[in-house]
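First up is the structure itself, then whatever we jot down about it.
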Amino acid sequence: MERSTKVMIAIATAVFAVLGGIAVHAQDKYSLKSPSGIAFSDFRGYEDWAVVSSARTDEVLKVIVANPIMIEAYKAGVPGNGQPFPDGSKIAKLQWKPKKSTEAPFVVDVPDVFTQAFVMEKDSKAFPKSGGWGYALFNYEAASDAFTADPSPSDCGHACHVAVQAKDYIFHPYQNR
């Protein structure tokens with residue numbers, strides 16, 4: 001085999017190895033598991049879930065999305081009708097650092113760098129001590145384009161949500177459209 005052919009094969013092999021590594025890296029977030037045992041893979045497809053609401057703090061812009069089970073429950077009147085969300089309900093609070101738009105002709109904050117996905121799932125058998133809800137936080141690092149499971153205890157999510165116990169521990173109502 002000619003030297004140039006061997007070099008071309010080596011280069012092609014290296015390119016495929018790098019591209020394969022990128023594809024595997026893109027899938028890494030779904031292999032993550034929180035300290036509470038919640039798998040990021042349980043939220044596969046969250047990017048396409050329906051919007052429940054949005055929120056803003058001084059530090060972050062949030063878009064709150066829910067899976068179809070939870071959206072149907074919202075549309076049926078949960079939690080305002082006194083019923084709890086059914087097991088299988090899942091919600092994600094997607095969080096970005098805000099920045100001022102440089103394009104809009106008015107003052108408006110828009111998402112800048114994605115920072116976190118705070119997720120909750122309803123499973124009364126798995127999470128009986130927290131109203132049936134499990135909580136997890138997955139941090140995103142833009143520089144490495146990678147998620148990590150936050151190592152801090154996720155049960156603070158329930159403690160924080162006690163104020164909305166009568167609303168089945170959910171802060172954000174489904175917004176009228």
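Please note that chains go A, B, ... in the order of the structure tokens, that every chain numbers its residues from 1, and that ligands are numbered from 1 in the order shown.
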
Determine, using only C-alpha atoms, which residues of range 129-165 of chain A have any atom at most 10 Å from an atom of range 38-55 of chain A, and tabulate each with its shortest atom pair and distance in Å to one decimal place, rows ordered by chain and then rising number, as JSON lines.
```
{"residue": "A:Gly134", "atom": "CA", "partner": "A:Ile38", "partner_atom": "CA", "distance": 7.2}
{"residue": "A:Tyr135", "atom": "CA", "partner": "A:Ile38", "partner_atom": "CA", "distance": 7.3}
{"residue": "A:Ala136", "atom": "CA", "partner": "A:Ile38", "partner_atom": "CA", "distance": 6.4}
{"residue": "A:Leu137", "atom": "CA", "partner": "A:Phe40", "partner_atom": "CA", "distance": 9.3}
{"residue": "A:Phe138", "atom": "CA", "partner": "A:Phe40", "partner_atom": "CA", "distance": 7.9}
{"residue": "A:Phe147", "atom": "CA", "partner": "A:Phe40", "partner_atom": "CA", "distance": 9.7}
{"residue": "A:Thr148", "atom": "CA", "partner": "A:Phe40", "partner_atom": "CA", "distance": 9.8}
{"residue": "A:Ala149", "atom": "CA", "partner": "A:Phe40", "partner_atom": "CA", "distance": 8.5}
{"residue": "A:Ser154", "atom": "CA", "partner": "A:Ile38", "partner_atom": "CA", "distance": 9.8}
```

Give me, as an MDAnalysis selection string, the residues of chain A that a backbone DSSP run labels helix (DSSP H, G or I).
chainID A and resid 3:31 40:43 46:48 68:75 128:130 156:167

Hey, what's within 10 Å of Glu141 in chain A if we count only C-alpha atoms and toss same-chain stuff fewer than 4 positions away? As a PyMOL selection string, please?
chain A and resi 113-116+145-148

File of the preceding selection, C-alpha atoms, as a compact mmCIF listing (two decimals), in the first residue's frame:
```
# COMPACT_ATOMS: atom_id res chain seq x y z
CA VAL A 113 -26.15 31.07 28.59
CA PHE A 114 -28.10 27.97 29.61
CA THR A 115 -27.19 27.03 33.20
CA GLN A 116 -29.45 24.35 34.71
CA ASP A 145 -21.11 21.61 26.45
CA ALA A 146 -21.82 19.07 29.20
CA PHE A 147 -24.30 18.43 31.98
CA THR A 148 -23.44 17.15 35.45
```

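Counting only C-alpha atoms and comparing A:Lys75, A:Ser130, A:Glu103, A:Val60, the residue that lies closest to Gln165 in chain A is A:Ser130.
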
Residue among A:Asn176, A:Thr57, A:Gln83, A:Ser124 lying closest to Pro98 in chain A, counting only C-alpha atoms
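Of A:Asn176, A:Thr57, A:Gln83, A:Ser124, the one nearest Pro98 in chain A, counting only C-alpha atoms, is A:Thr57.
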
Pick from A:Asp109, A:Asp28, A:Asp87, A:Glu72 nearest to Asp58 in chain A, counting only C-alpha atoms
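Looking only at the distances to Asp58 in chain A, the closest residue turns out to be A:Asp109.
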
CA of Lys90 in chain A to CA of Met120 in chain A, straight-line distance in Å:
5.7 Å

Residues within 8 Å of range 167-172 of chain A, please, as a ChimeraX atom specification. Count only C-alpha atoms; anything in the same chain fewer than 3 positions from it doesn't count.
/A:52-53,64,79-80,82,84-85,131,158,161-164

Kindly indicate which residue among A:Lys29, A:Lys62, A:Lys125, A:Lys93 lies nearest to Asp112 in chain A, using only C-alpha atoms for the distances.
A:Lys62

Distance criterion (only C-alpha atoms): nearest to Pro173 in chain A out of A:Gly77, A:Gly88, A:Pro35, A:Pro68:
A:Gly77

Considering only strand (DSSP E) as DSSP defines it on the backbone, what residues of range 38-173 of chain A qualify? List them as a PyMOL selection string.
chain A and resi 50-56+61-66+90-100+109-122+133-141+146-149

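Compared by their closest atoms to Met70 in chain A, and using only C-alpha atoms, the residues A:Ala143, A:Glu121, A:Arg56, A:Gln95 rank with A:Glu121 nearest.
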